[in-house]
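What's in protein-v1.tsv: TSV, C-alpha atoms
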chain	number	residue	atom	x	y	z
E	1046	MET	CA	-64.30	36.89	-62.82
E	1047	SER	CA	-63.92	38.81	-59.58
E	1048	ARG	CA	-66.02	40.11	-56.76
E	1049	ARG	CA	-65.07	41.99	-53.62
E	1050	SER	CA	-66.31	39.32	-51.20
E	1051	ALA	CA	-64.42	36.05	-50.83
E	1052	ASP	CA	-67.40	33.70	-51.14
E	1053	PRO	CA	-67.91	31.87	-54.44
E	1054	PRO	CA	-70.42	33.39	-56.87
E	1055	GLY	CA	-73.99	32.22	-56.63
E	1056	PRO	CA	-77.51	33.62	-56.75
E	1057	PRO	CA	-77.54	36.51	-54.22
E	1058	ALA	CA	-80.40	37.32	-51.89
E	1059	GLY	CA	-80.81	40.92	-53.13
E	1060	ARG	CA	-80.37	42.68	-56.43
E	1061	CYS	CA	-77.21	41.90	-58.38
E	1062	LEU	CA	-75.23	43.83	-60.97
E	1063	LEU	CA	-73.14	41.87	-63.45
E	1064	VAL	CA	-70.48	44.35	-64.60
E	1065	VAL	CA	-68.76	43.50	-67.88
E	1066	SER	CA	-65.30	45.08	-67.94
E	1067	ALA	CA	-62.06	44.49	-69.88
E	1068	SER	CA	-58.39	44.44	-68.93
E	1069	MET	CA	-57.48	46.97	-71.61
E	1070	GLY	CA	-55.33	49.30	-69.56
E	1071	ALA	CA	-56.76	50.02	-66.13
E	1072	GLY	CA	-59.59	52.51	-66.72
E	1073	HIS	CA	-62.42	50.06	-67.38
E	1074	ASP	CA	-61.51	47.89	-64.39
E	1075	THR	CA	-61.22	50.99	-62.19
E	1076	VAL	CA	-64.78	51.99	-63.09
E	1077	ALA	CA	-66.01	48.43	-62.58
E	1078	ALA	CA	-64.42	48.27	-59.13
E	1079	GLU	CA	-66.10	51.53	-58.10
E	1080	LEU	CA	-69.49	50.26	-59.29
E	1081	VAL	CA	-68.99	47.13	-57.18
E	1082	ARG	CA	-68.00	49.21	-54.15
E	1083	ARG	CA	-71.05	51.46	-54.46
E	1084	ALA	CA	-73.41	48.53	-54.95
E	1085	GLU	CA	-72.08	46.68	-51.90
E	1086	GLU	CA	-72.11	49.87	-49.82
E	1087	ARG	CA	-75.87	50.07	-50.28
E	1088	GLY	CA	-76.39	46.37	-49.56
E	1089	GLU	CA	-76.63	45.10	-53.12
E	1090	ALA	CA	-74.49	42.45	-54.81
E	1091	ALA	CA	-72.14	42.94	-57.72
E	1092	VAL	CA	-69.97	40.67	-59.82
E	1093	THR	CA	-67.35	41.74	-62.37
E	1094	VAL	CA	-66.24	39.75	-65.39
E	1095	ASP	CA	-63.51	40.54	-67.91
E	1096	VAL	CA	-65.13	40.11	-71.32
E	1097	LEU	CA	-61.75	39.12	-72.76
E	1098	THR	CA	-61.75	35.99	-70.58
E	1099	LEU	CA	-65.11	34.98	-72.05
E	1100	LEU	CA	-63.74	34.81	-75.58
E	1101	PRO	CA	-62.67	31.30	-76.68
E	1102	TYR	CA	-59.39	30.09	-78.19
E	1103	GLY	CA	-57.28	32.68	-76.35
E	1104	LEU	CA	-58.71	35.47	-78.49
E	1105	GLY	CA	-59.07	37.84	-75.55
E	1106	GLY	CA	-55.39	37.71	-74.63
E	1107	ALA	CA	-54.36	38.05	-78.27
E	1108	LEU	CA	-56.60	41.09	-78.66
E	1109	ARG	CA	-55.10	42.71	-75.58
E	1110	ARG	CA	-51.52	42.07	-76.73
E	1111	PHE	CA	-52.25	43.39	-80.20
E	1112	TYR	CA	-53.86	46.59	-78.91
E	1113	ARG	CA	-51.13	47.17	-76.35
E	1114	GLY	CA	-48.37	46.63	-78.91
E	1115	SER	CA	-50.08	48.90	-81.42
E	1116	VAL	CA	-50.56	51.90	-79.16
E	1117	ARG	CA	-47.06	51.51	-77.69
E	1118	HIS	CA	-45.02	50.86	-80.82
E	1119	PHE	CA	-47.17	51.37	-83.93
E	1120	PRO	CA	-49.69	54.14	-83.18
E	1121	TRP	CA	-50.23	54.69	-86.90
E	1122	ALA	CA	-51.58	51.13	-87.15
E	1123	TYR	CA	-54.08	51.77	-84.37
E	1124	ALA	CA	-55.11	55.02	-86.07
E	1125	VAL	CA	-55.95	53.05	-89.23
E	1126	LEU	CA	-57.94	50.47	-87.27
E	1127	TYR	CA	-59.80	53.22	-85.46
E	1128	ARG	CA	-60.87	54.77	-88.74
E	1129	LEU	CA	-62.02	51.40	-90.05
E	1130	PHE	CA	-63.81	49.99	-87.02
E	1131	LEU	CA	-64.49	52.71	-84.47
E	1132	ARG	CA	-64.76	56.25	-85.77
E	1133	PRO	CA	-68.38	57.50	-85.80
E	1134	GLY	CA	-70.06	58.06	-89.14
E	1135	THR	CA	-72.39	56.59	-91.69
E	1136	GLY	CA	-71.79	53.84	-94.21
E	1137	HIS	CA	-71.15	50.15	-93.91
E	1138	ARG	CA	-67.99	49.25	-92.01
E	1139	PRO	CA	-66.78	46.24	-90.02
E	1140	GLY	CA	-68.20	45.92	-86.52
E	1141	GLY	CA	-67.33	44.16	-83.29
E	1142	THR	CA	-70.48	42.06	-82.96
E	1143	PRO	CA	-69.09	38.94	-84.73
E	1144	LEU	CA	-66.21	38.83	-82.23
E	1145	ALA	CA	-68.38	39.68	-79.23
E	1146	ARG	CA	-70.98	37.02	-79.97
E	1147	LEU	CA	-68.33	34.32	-79.45
E	1148	ALA	CA	-68.61	35.12	-75.73
E	1149	GLY	CA	-72.41	34.97	-75.71
E	1150	GLY	CA	-72.86	31.51	-74.26
E	1151	ARG	CA	-70.50	32.07	-71.35
E	1152	LEU	CA	-72.04	35.44	-70.48
E	1153	ARG	CA	-75.54	33.94	-70.47
E	1154	GLU	CA	-74.36	31.16	-68.14
E	1155	LEU	CA	-72.75	33.70	-65.84
E	1156	ALA	CA	-75.83	35.90	-65.74
E	1157	GLU	CA	-77.91	32.87	-64.74
E	1158	SER	CA	-75.47	31.49	-62.16
E	1159	THR	CA	-75.07	34.85	-60.39
E	1160	GLY	CA	-78.76	35.68	-60.47
E	1161	ALA	CA	-77.98	38.99	-62.15
E	1162	ASP	CA	-80.81	41.52	-62.30
E	1163	VAL	CA	-79.00	43.77	-64.77
E	1164	VAL	CA	-75.87	43.53	-66.92
E	1165	VAL	CA	-73.70	46.65	-67.05
E	1166	PRO	CA	-71.00	46.78	-69.77
E	1167	VAL	CA	-68.27	49.36	-69.15
E	1168	PHE	CA	-66.30	48.36	-72.25
E	1169	HIS	CA	-67.46	48.64	-75.84
E	1170	LEU	CA	-66.98	44.96	-76.72
E	1171	GLY	CA	-69.23	44.12	-73.78
E	1172	ALA	CA	-71.81	46.56	-75.11
E	1173	GLN	CA	-71.75	44.80	-78.48
E	1174	LEU	CA	-72.21	41.46	-76.73
E	1175	THR	CA	-75.16	42.46	-74.55
E	1176	GLY	CA	-76.79	44.34	-77.41
E	1177	HIS	CA	-76.53	41.25	-79.62
E	1178	LEU	CA	-77.99	38.99	-76.93
E	1179	ARG	CA	-80.81	41.36	-75.99
E	1180	ALA	CA	-81.78	41.94	-79.63
E	1181	ARG	CA	-82.23	38.19	-80.08
E	1182	GLY	CA	-84.02	37.56	-76.81
E	1183	LEU	CA	-81.10	35.51	-75.47
E	1184	LEU	CA	-80.43	37.63	-72.38
E	1185	PRO	CA	-83.48	37.76	-70.09
E	1186	VAL	CA	-82.32	40.69	-67.93
E	1187	PRO	CA	-81.83	44.34	-69.01
E	1188	SER	CA	-78.51	45.68	-70.24
E	1189	VAL	CA	-77.53	49.21	-69.17
E	1190	VAL	CA	-74.32	50.32	-70.87
E	1191	LEU	CA	-72.09	52.71	-68.94
E	1192	VAL	CA	-70.25	54.67	-71.64
E	1193	ILE	CA	-67.07	55.95	-69.99
E	1194	ASP	CA	-65.59	57.83	-72.99
E	1195	PHE	CA	-66.06	61.53	-73.74
E	1196	ALA	CA	-66.08	60.82	-77.47
E	1197	VAL	CA	-68.29	57.82	-78.20
E	1198	HIS	CA	-67.05	55.67	-81.06
E	1199	ARG	CA	-69.38	53.40	-82.96
E	1200	GLN	CA	-68.47	50.17	-81.15
E	1201	TRP	CA	-70.12	51.50	-77.98
E	1202	LEU	CA	-73.43	51.61	-79.86
E	1203	HIS	CA	-75.81	48.70	-80.34
E	1204	ALA	CA	-79.53	49.22	-80.72
E	1205	GLY	CA	-80.25	46.03	-78.78
E	1206	ASN	CA	-79.17	47.49	-75.45
E	1207	ASP	CA	-81.90	48.84	-73.19
E	1208	HIS	CA	-80.22	52.06	-72.05
E	1209	CYS	CA	-76.91	53.92	-72.21
E	1210	LEU	CA	-75.63	56.05	-69.34
E	1211	CYS	CA	-73.18	58.64	-70.66
E	1212	LEU	CA	-70.74	61.18	-69.28
E	1213	THR	CA	-72.57	64.22	-70.67
E	1214	PRO	CA	-75.98	65.14	-72.11
E	1215	ASP	CA	-74.53	65.80	-75.58
E	1216	VAL	CA	-73.05	62.29	-75.70
E	1217	ALA	CA	-76.42	60.87	-74.66
E	1218	GLN	CA	-78.05	62.79	-77.49
E	1219	GLU	CA	-75.54	61.36	-79.97
E	1220	VAL	CA	-76.37	57.84	-78.78
E	1221	ARG	CA	-80.10	58.43	-79.19
E	1222	GLU	CA	-79.67	59.87	-82.65
E	1223	SER	CA	-77.29	57.13	-83.81
E	1224	THR	CA	-79.17	54.05	-82.64
E	1225	GLY	CA	-82.53	55.08	-81.21
E	1226	THR	CA	-81.40	53.57	-77.91
E	1227	HIS	CA	-82.60	55.24	-74.73
E	1228	ALA	CA	-79.74	57.26	-73.26
E	1229	SER	CA	-79.16	59.79	-70.50
E	1230	ALA	CA	-76.25	61.42	-68.66
E	1231	CYS	CA	-74.99	60.51	-65.20
E	1232	GLY	CA	-71.45	61.91	-65.22
E	1233	PRO	CA	-68.16	60.04	-64.64
E	1234	VAL	CA	-67.71	57.29	-62.04
E	1235	VAL	CA	-64.91	58.18	-59.63
E	1236	ALA	CA	-64.14	56.97	-56.10
E	1237	PRO	CA	-65.11	59.44	-53.34
E	1238	GLU	CA	-61.49	59.85	-52.20
E	1239	PHE	CA	-60.82	62.04	-55.23
E	1240	PHE	CA	-63.28	64.74	-54.17
E	1241	ALA	CA	-61.86	65.60	-50.74
E	1242	ASP	CA	-58.27	66.25	-49.69
E	1243	PRO	CA	-57.12	62.68	-48.90
E	1244	PRO	CA	-54.63	61.75	-46.16
E	1245	GLY	CA	-51.83	60.98	-48.63
E	1246	ALA	CA	-51.87	64.43	-50.26
E	1247	ALA	CA	-49.66	66.01	-47.59
E	1248	GLY	CA	-46.95	63.43	-48.15
E	1249	TRP	CA	-46.96	64.01	-51.90
E	1250	ARG	CA	-46.77	67.78	-51.41
E	1251	GLU	CA	-43.79	67.35	-49.10
E	1252	LEU	CA	-42.08	65.12	-51.64
E	1253	PHE	CA	-42.68	67.58	-54.48
E	1254	ASP	CA	-41.49	70.52	-52.39
E	1255	ARG	CA	-38.32	68.63	-51.51
E	1256	LEU	CA	-37.58	67.53	-55.09
E	1257	GLY	CA	-38.56	70.79	-56.77
E	1258	PRO	CA	-38.79	73.66	-54.29
E	1259	GLY	CA	-40.81	76.51	-55.74
E	1260	ARG	CA	-41.70	74.49	-58.84
E	1261	PRO	CA	-45.38	73.62	-59.46
E	1262	ALA	CA	-45.77	69.85	-59.74
E	1263	VAL	CA	-47.36	68.89	-63.06
E	1264	VAL	CA	-48.47	65.29	-63.59
E	1265	LEU	CA	-47.95	63.76	-67.04
E	1266	SER	CA	-50.19	60.76	-67.59
E	1267	ALA	CA	-49.08	57.93	-69.89
E	1268	GLY	CA	-51.83	55.53	-68.89
E	1269	ALA	CA	-51.52	52.08	-67.33
E	1270	TRP	CA	-49.29	50.93	-70.19
E	1271	GLY	CA	-46.98	53.94	-70.28
E	1272	VAL	CA	-47.89	55.21	-73.73
E	1273	GLY	CA	-46.95	58.67	-74.95
E	1274	SER	CA	-45.37	60.65	-77.75
E	1275	ARG	CA	-42.01	62.36	-77.15
E	1276	LEU	CA	-42.43	62.21	-73.39
E	1277	ARG	CA	-38.73	62.74	-72.69
E	1278	THR	CA	-38.72	65.94	-74.75
E	1279	THR	CA	-41.79	67.27	-72.94
E	1280	VAL	CA	-40.35	66.40	-69.53
E	1281	ARG	CA	-37.11	68.21	-70.23
E	1282	PHE	CA	-38.93	71.23	-71.62
E	1283	LEU	CA	-41.14	71.58	-68.52
E	1284	ALA	CA	-38.22	71.07	-66.15
E	1285	ASP	CA	-36.22	73.73	-68.00
E	1286	HIS	CA	-39.08	76.20	-67.65
E	1287	GLY	CA	-39.72	76.07	-63.92
E	1288	PHE	CA	-42.03	73.08	-63.43
E	1289	LEU	CA	-41.61	69.75	-61.67
E	1290	PRO	CA	-42.80	67.15	-64.19
E	1291	VAL	CA	-44.18	64.02	-62.49
E	1292	VAL	CA	-44.58	61.23	-65.05
E	1293	LEU	CA	-46.98	58.35	-64.47
E	1294	CYS	CA	-45.29	55.49	-66.35
E	1295	GLY	CA	-47.78	52.80	-65.32
E	1296	ASP	CA	-46.31	49.32	-65.77
E	1297	ASN	CA	-43.84	50.48	-68.44
E	1298	GLU	CA	-40.62	49.91	-66.52
E	1299	ARG	CA	-38.50	50.74	-69.58
E	1300	LEU	CA	-40.10	54.19	-69.78
E	1301	ARG	CA	-39.64	54.77	-66.07
E	1302	ARG	CA	-35.94	53.90	-66.27
E	1303	ALA	CA	-35.48	56.11	-69.34
E	1304	LEU	CA	-37.01	59.12	-67.60
E	1305	SER	CA	-35.65	58.56	-64.09
E	1306	GLY	CA	-32.33	60.19	-64.92
E	1307	THR	CA	-33.88	63.38	-66.26
E	1308	PRO	CA	-32.77	66.30	-64.03
E	1309	GLY	CA	-35.62	68.09	-62.28
E	1310	ALA	CA	-38.22	65.39	-63.03
E	1311	VAL	CA	-39.92	62.53	-61.19
E	1312	ALA	CA	-40.69	59.24	-62.95
E	1313	LEU	CA	-43.16	57.00	-61.12
E	1314	GLY	CA	-44.17	53.41	-61.75
E	1315	TRP	CA	-47.54	52.05	-60.71
E	1316	VAL	CA	-49.16	54.47	-58.22
E	1317	THR	CA	-51.70	53.13	-55.72
E	1318	ASP	CA	-52.47	56.48	-54.09
E	1319	MET	CA	-53.84	58.39	-57.06
E	1320	PRO	CA	-56.15	60.59	-54.94
E	1321	GLY	CA	-53.23	61.81	-52.84
E	1322	LEU	CA	-50.97	62.31	-55.84
E	1323	LEU	CA	-53.50	64.37	-57.79
E	1324	HIS	CA	-54.37	66.52	-54.77
E	1325	GLY	CA	-50.66	67.14	-54.23
E	1326	ALA	CA	-50.07	68.39	-57.77
E	1327	ARG	CA	-51.13	71.57	-59.60
E	1328	ALA	CA	-52.16	70.34	-63.08
E	1329	LEU	CA	-52.43	67.28	-65.30
E	1330	VAL	CA	-51.01	66.97	-68.82
E	1331	ASP	CA	-53.19	64.31	-70.43
E	1332	ASN	CA	-53.02	62.39	-73.71
E	1333	ALA	CA	-56.06	60.11	-73.67
E	1334	ALA	CA	-59.11	61.69	-71.95
E	1335	GLY	CA	-59.39	58.52	-69.91
E	1336	GLN	CA	-59.92	57.69	-66.27
E	1337	THR	CA	-56.91	59.65	-65.01
E	1338	ALA	CA	-58.36	62.76	-66.63
E	1339	VAL	CA	-61.75	62.41	-64.91
E	1340	GLN	CA	-60.03	61.62	-61.61
E	1341	ALA	CA	-58.10	64.86	-62.00
E	1342	LEU	CA	-61.33	66.77	-62.66
E	1343	ALA	CA	-62.84	65.30	-59.50
E	1344	ALA	CA	-59.73	66.28	-57.55
E	1345	GLY	CA	-59.98	69.88	-58.74
E	1346	LEU	CA	-56.91	69.61	-60.95
E	1347	PRO	CA	-56.86	71.57	-64.24
E	1348	VAL	CA	-56.30	69.35	-67.29
E	1349	VAL	CA	-54.34	70.24	-70.42
E	1350	GLY	CA	-54.47	67.90	-73.41
E	1351	TYR	CA	-51.16	67.52	-75.21
E	1352	ARG	CA	-49.96	65.16	-77.94
E	1353	PRO	CA	-52.94	62.81	-77.55
E	1354	ILE	CA	-52.66	59.21	-78.64
E	1355	PRO	CA	-54.43	58.58	-81.96
E	1356	GLY	CA	-58.01	57.44	-82.33
E	1357	HIS	CA	-60.24	57.60	-79.29
E	1358	GLY	CA	-57.59	59.48	-77.30
E	1359	ALA	CA	-57.41	62.39	-79.72
E	1360	ASP	CA	-61.18	62.49	-80.16
E	1361	GLY	CA	-61.73	62.41	-76.40
E	1362	VAL	CA	-59.21	65.18	-75.72
E	1363	ARG	CA	-60.92	67.41	-78.29
E	1364	ARG	CA	-64.34	66.66	-76.81
E	1365	MET	CA	-63.16	67.62	-73.33
E	1366	VAL	CA	-61.97	70.94	-74.74
E	1367	ALA	CA	-65.32	71.50	-76.48
E	1368	LEU	CA	-67.07	70.90	-73.15
E	1369	GLY	CA	-64.92	73.56	-71.50
E	1370	VAL	CA	-63.45	71.21	-68.89
E	1371	SER	CA	-59.89	71.23	-70.24
E	1372	GLU	CA	-57.56	72.97	-72.65
E	1373	LEU	CA	-55.59	71.69	-75.65
E	1374	ALA	CA	-52.00	72.77	-76.26
E	1375	GLU	CA	-50.91	72.47	-79.87
E	1376	ASP	CA	-47.19	72.98	-79.22
E	1377	ASP	CA	-44.65	73.44	-76.45
E	1378	ASP	CA	-45.18	77.17	-76.14
E	1379	ALA	CA	-48.95	76.76	-75.84
E	1380	LEU	CA	-48.42	74.08	-73.19
E	1381	LEU	CA	-46.18	76.39	-71.23
E	1382	ARG	CA	-48.67	79.27	-71.39
E	1383	ALA	CA	-51.56	77.05	-70.32
E	1384	LEU	CA	-49.69	75.56	-67.38
E	1385	ARG	CA	-48.44	78.93	-66.15
E	1386	ARG	CA	-51.99	80.24	-66.22
E	1387	LEU	CA	-53.69	77.20	-64.69
E	1388	THR	CA	-51.21	76.33	-61.94
E	1389	ALA	CA	-51.35	79.85	-60.50
E	1390	PRO	CA	-54.22	80.90	-58.21
E	1391	GLY	CA	-56.74	83.02	-60.05
E	1392	PRO	CA	-59.93	83.10	-62.13
E	1393	ALA	CA	-58.57	80.89	-64.96
E	1394	ARG	CA	-57.82	78.06	-62.56
E	1395	ARG	CA	-61.10	78.47	-60.65
E	1396	LYS	CA	-63.07	78.39	-63.91
E	1397	ARG	CA	-61.52	75.12	-65.07
E	1398	VAL	CA	-61.90	73.48	-61.67
E	1399	ALA	CA	-65.57	74.45	-61.43
E	1400	ALA	CA	-66.31	73.26	-64.97
E	1401	GLY	CA	-64.67	69.91	-64.33
E	1402	ARG	CA	-66.48	69.21	-61.10
E	1403	ALA	CA	-69.81	70.18	-62.65
E	1404	LEU	CA	-69.63	66.99	-64.74
E	1405	PHE	CA	-70.32	64.83	-61.68
E	1406	THR	CA	-74.10	64.98	-61.66
E	1407	ASP	CA	-75.48	61.63	-60.52
E	1408	ASP	CA	-74.71	58.24	-59.02
E	1409	ALA	CA	-74.37	55.55	-61.68
E	1410	VAL	CA	-75.42	52.65	-59.43
E	1411	THR	CA	-78.60	54.44	-58.36
E	1412	ARG	CA	-79.43	55.09	-61.99
E	1413	VAL	CA	-78.62	51.52	-63.07
E	1414	LEU	CA	-80.83	49.97	-60.39
E	1415	ALA	CA	-83.71	52.36	-61.06
E	1416	LEU	CA	-83.50	51.74	-64.81
E	1417	SER	CA	-83.32	47.98	-64.39
E	1418	GLU	CA	-86.35	47.96	-62.14
E	1419	ALA	CA	-88.33	50.12	-64.54
E	1420	LEU	CA	-87.31	47.98	-67.50
E	1421	ARG	CA	-88.22	44.73	-65.78
E	1422	THR	CA	-91.61	45.93	-64.58
E	1423	SER	CA	-92.51	47.44	-67.94
E	1424	ARG	CA	-92.18	44.15	-69.77
Can you present the structure in this file as structure tokens?
Amino acid sequence: MSRRSADPPGPPAGRCLLVVSASMGAGHDTVAAELVRRAEERGEAAVTVDVLTLLPYGLGGALRRFYRGSVRHFPWAYAVLYRLFLRPGTGHRPGGTPLARLAGGRLRELAESTGADVVVPVFHLGAQLTGHLRARGLLPVPSVVLVIDFAVHRQWLHAGNDHCLCLTPDVAQEVRESTGTHASACGPVVAPEFFADPPGAAGWRELFDRLGPGRPAVVLSAGAWGVGSRLRTTVRFLADHGFLPVVLCGDNERLRRALSGTPGAVALGWVTDMPGLLHGARALVDNAAGQTAVQALAAGLPVVGYRPIPGHGADGVRRMVALGVSELAEDDDALLRALRRLTAPGPARRKRVAAGRALFTDDAVTRVLALSEALRTSR
């Protein structure tokens, strides 16, 4: 469990959000941290807990290692699991509630000890847990799920939750139709530094100009775990055709070393100044439709989906394209055409930038607090 202040957790004087995240990559924790920052900025309290740490018998760590190993080394295995457990659709299939309910007692204790007024899952296993508890009357405070995926798989959905806040109105409609749960759109949750030209952007631009003079810098995202298909081939192809590929390898040091010797390319490890980096580049090549993609949209960076990871990554990339906020390249030549069009000034670039920024419609913390107050007073 973590919170931004150093004092130990206890019942706060004002309203308190209990944010249920998960250390699956970095996207969920990034959203959780921004919710905490916004809550504290307006004088409220917020506490974050990793749902994986609430699971007994070391199950949380085992689940993380299994998922990480699957997407890195055996993507076909994850694709099978996604079809079995996650992909939307009708018919009886295994669910995540039996696993999630193992954490029920510890979450209830935490909600009581922190004096939480509302529980906010930002990870689907957390949504299964709060939905289970609310449906059985075991969680006395409302649960407002913040769905951070463009394509909502079935493990996000539990009819016991009070409300779902989604990225877009069409996702909210899907949630309502699937479960009958109240749902609405609030847009992505991104730190404010991504919307304005941050101080670090100039330094990144200087670096890119020095390493690849006259070459548009194109960021290739491999997520926090450095996962991607044929990244070395793509990097060489872009470098050979006039771009400066900048690869985000996350904590995958082996990938960073493998790519660092590629002529005309930049391989980065863990980057702490993402706002500056994205403002210093000209486009993002994305494979997961995750938090890096929405950060790029906030920064006014065109996004091109390419070789998405299986399961939720591929579904999310296609949904972004359907929304008109990104493009999908089916092969190398299509990628090259899209990047040449979108990195150059002109109407194509302006259209994508405007569509991406139009997603950011509301403040999630304001909505969560208003919903929790309405839910509590209506009971």
Report task. Write out as a PyMOL selection string which residues come within 8 Å of Asp1407 in chain E when counting only C-alpha atoms, dropping same-chain ones fewer than 3 positions away. Result -> chain E and resi 1231-1232+1412
Requested in this report: Using CA of Leu1063 in chain E and CA of Val1164 in chain E as the two end points, give the distance in Å to one decimal.
Outcome: 4.7 Å
Excluding range 1381-1383 of chain E and any residue of its chain fewer than 2 positions from it, enumerate the residues within 9 Å of it, using all atoms listed in the file, and give them as a compact mmCIF listing (two decimals) with C-alpha atoms, in the frame of the given file.
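Below you can see result.txt, which holds the result:
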# COMPACT_ATOMS: atom_id res chain seq x y z
CA PHE E 1282 -38.93 71.23 -71.62
CA LEU E 1283 -41.14 71.58 -68.52
CA HIS E 1286 -39.08 76.20 -67.65
CA VAL E 1349 -54.34 70.24 -70.42
CA GLU E 1372 -57.56 72.97 -72.65
CA LEU E 1373 -55.59 71.69 -75.65
CA ALA E 1374 -52.00 72.77 -76.26
CA ASP E 1376 -47.19 72.98 -79.22
CA ASP E 1377 -44.65 73.44 -76.45
CA ASP E 1378 -45.18 77.17 -76.14
CA ALA E 1379 -48.95 76.76 -75.84
CA ARG E 1385 -48.44 78.93 -66.15
CA ARG E 1386 -51.99 80.24 -66.22
CA LEU E 1387 -53.69 77.20 -64.69
CA THR E 1388 -51.21 76.33 -61.94
Report task. Can you work out which one of E:Phe1168, E:Arg1394, E:Gly1356, E:Arg1275 has the shortest atom-to-atom distance to Leu1126 in chain E, counting only C-alpha atoms? Result ->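 Smallest distance to Leu1126 in chain E is found for E:Gly1356.
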Query raised in the report: In Å, with one decimal, what is the gap from CA of Phe1288 in chain E to CA of Gly1325 in chain E?
Result: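 Taking CA of Phe1288 in chain E and CA of Gly1325 in chain E, their separation equals 13.9 Å.
Distances from E:Leu1322, E:Ala1148, E:Ala1247, E:Leu1404 to Pro1214 in chain E were compared using only C-alpha atoms, and the smallest one belongs to E:Leu1404.
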Report task. Compile the contact shell of Leu1416 in chain E as a list in words: residues with an atom at most 10 Å away, counting only C-alpha atoms, same-chain residues fewer than 2 positions apart removed. Result -> Val1163, Pro1187, Ser1188, Val1189, Asp1207, His1208, Val1410, Thr1411, Arg1412, Val1413, Leu1414, Glu1418, Ala1419, Leu1420, Arg1421 and Thr1422 of chain E
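Taking CA of Tyr1351 in chain E as the reference point, CA of Asn1332 in chain E is found at 5.7 Å.
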**Report entry** E:Ala1303, E:Ala1161, E:Ala1172, E:Leu1191 ranked by distance to Val1096 in chain E, top pick (using only C-alpha atoms)
**Finding:**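 Once distances to Val1096 in chain E are computed over only C-alpha atoms, the minimum belongs to E:Ala1172.
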Requested in this report: Choose the residue, out of E:Gly1271, E:Gly1205, E:Gly1182, E:Pro1237, that has the smallest atom-to-atom separation from His1118 in chain E; count all atoms listed in the file.
Outcome: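 Between E:Gly1271, E:Gly1205, E:Gly1182, E:Pro1237, the residue approaching His1118 in chain E most closely is E:Gly1271.
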**Report entry** Residue nearest Val1366 in chain E - candidates E:Gly1176, E:Gly1401, E:Pro1101, E:Gly1391, atoms counted: all atoms listed in the file
**Finding:**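 The answer is E:Gly1401, which sits nearest to Val1366 in chain E.
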Query raised in the report: Could you pull the residues within 12 Å of Gly1306 in chain E, counting only C-alpha atoms, minus those fewer than 5 positions along the same chain, as a list in words?
Result: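 Result of the neighbour search: Arg1277, Val1280, Arg1281, Leu1300, Arg1301, Val1311, Ala1312 and Leu1313 of chain E.
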Query raised in the report: With distances taken over all atoms listed in the file, which of E:Leu1100, E:Leu1256, E:Val1316, E:Leu1380 is nearest to Gly1171 in chain E?
Result: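 Nearest candidate to Gly1171 in chain E out of E:Leu1100, E:Leu1256, E:Val1316, E:Leu1380: E:Leu1100.
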Query raised in the report: If you count all atoms listed in the file, which residues fall within 6 Å of range 1225-1229 of chain E, apart from same-chain ones fewer than 6 positions away, as a list in words?
Result: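 Returned residues: Ala1204, His1208, Cys1209, Leu1210 and Ala1217 of chain E.
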Incomplete range 1225-1232 of chain E brought to N, CA, C and O atoms, written out as an mmCIF file, in the coordinates of the input:
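That gives us selection_1.cif:
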data_model
loop_
_atom_site.group_PDB
_atom_site.id
_atom_site.type_symbol
_atom_site.label_atom_id
_atom_site.label_comp_id
_atom_site.auth_asym_id
_atom_site.auth_seq_id
_atom_site.Cartn_x
_atom_site.Cartn_y
_atom_site.Cartn_z
ATOM 1 N N GLY E 1225 -81.177 55.120 -81.741
ATOM 2 C CA GLY E 1225 -82.530 55.080 -81.210
ATOM 3 C C GLY E 1225 -82.598 54.486 -79.817
ATOM 4 O O GLY E 1225 -83.687 54.368 -79.235
ATOM 5 N N THR E 1226 -81.448 54.117 -79.259
ATOM 6 C CA THR E 1226 -81.400 53.570 -77.910
ATOM 7 C C THR E 1226 -81.693 54.658 -76.888
ATOM 8 O O THR E 1226 -81.282 55.808 -77.043
ATOM 9 N N HIS E 1227 -82.391 54.303 -75.820
ATOM 10 C CA HIS E 1227 -82.600 55.240 -74.730
ATOM 11 C C HIS E 1227 -81.249 55.569 -74.093
ATOM 12 O O HIS E 1227 -80.429 54.678 -73.859
ATOM 13 N N ALA E 1228 -81.011 56.838 -73.827
ATOM 14 C CA ALA E 1228 -79.740 57.260 -73.260
ATOM 15 C C ALA E 1228 -79.937 58.504 -72.415
ATOM 16 O O ALA E 1228 -80.810 59.336 -72.691
ATOM 17 N N SER E 1229 -79.121 58.617 -71.374
ATOM 18 C CA SER E 1229 -79.160 59.790 -70.500
ATOM 19 C C SER E 1229 -77.770 59.973 -69.895
ATOM 20 O O SER E 1229 -76.895 59.114 -70.041
ATOM 21 N N ALA E 1230 -77.561 61.095 -69.226
ATOM 22 C CA ALA E 1230 -76.250 61.420 -68.660
ATOM 23 C C ALA E 1230 -76.251 61.178 -67.155
ATOM 24 O O ALA E 1230 -77.243 61.447 -66.471
ATOM 25 N N CYS E 1231 -75.133 60.665 -66.649
ATOM 26 C CA CYS E 1231 -74.990 60.510 -65.200
ATOM 27 C C CYS E 1231 -73.636 61.021 -64.702
ATOM 28 O O CYS E 1231 -73.380 61.026 -63.509
ATOM 29 N N GLY E 1232 -72.761 61.445 -65.621
ATOM 30 C CA GLY E 1232 -71.450 61.910 -65.220
ATOM 31 C C GLY E 1232 -70.467 60.765 -65.042
ATOM 32 O O GLY E 1232 -70.834 59.589 -65.117
#
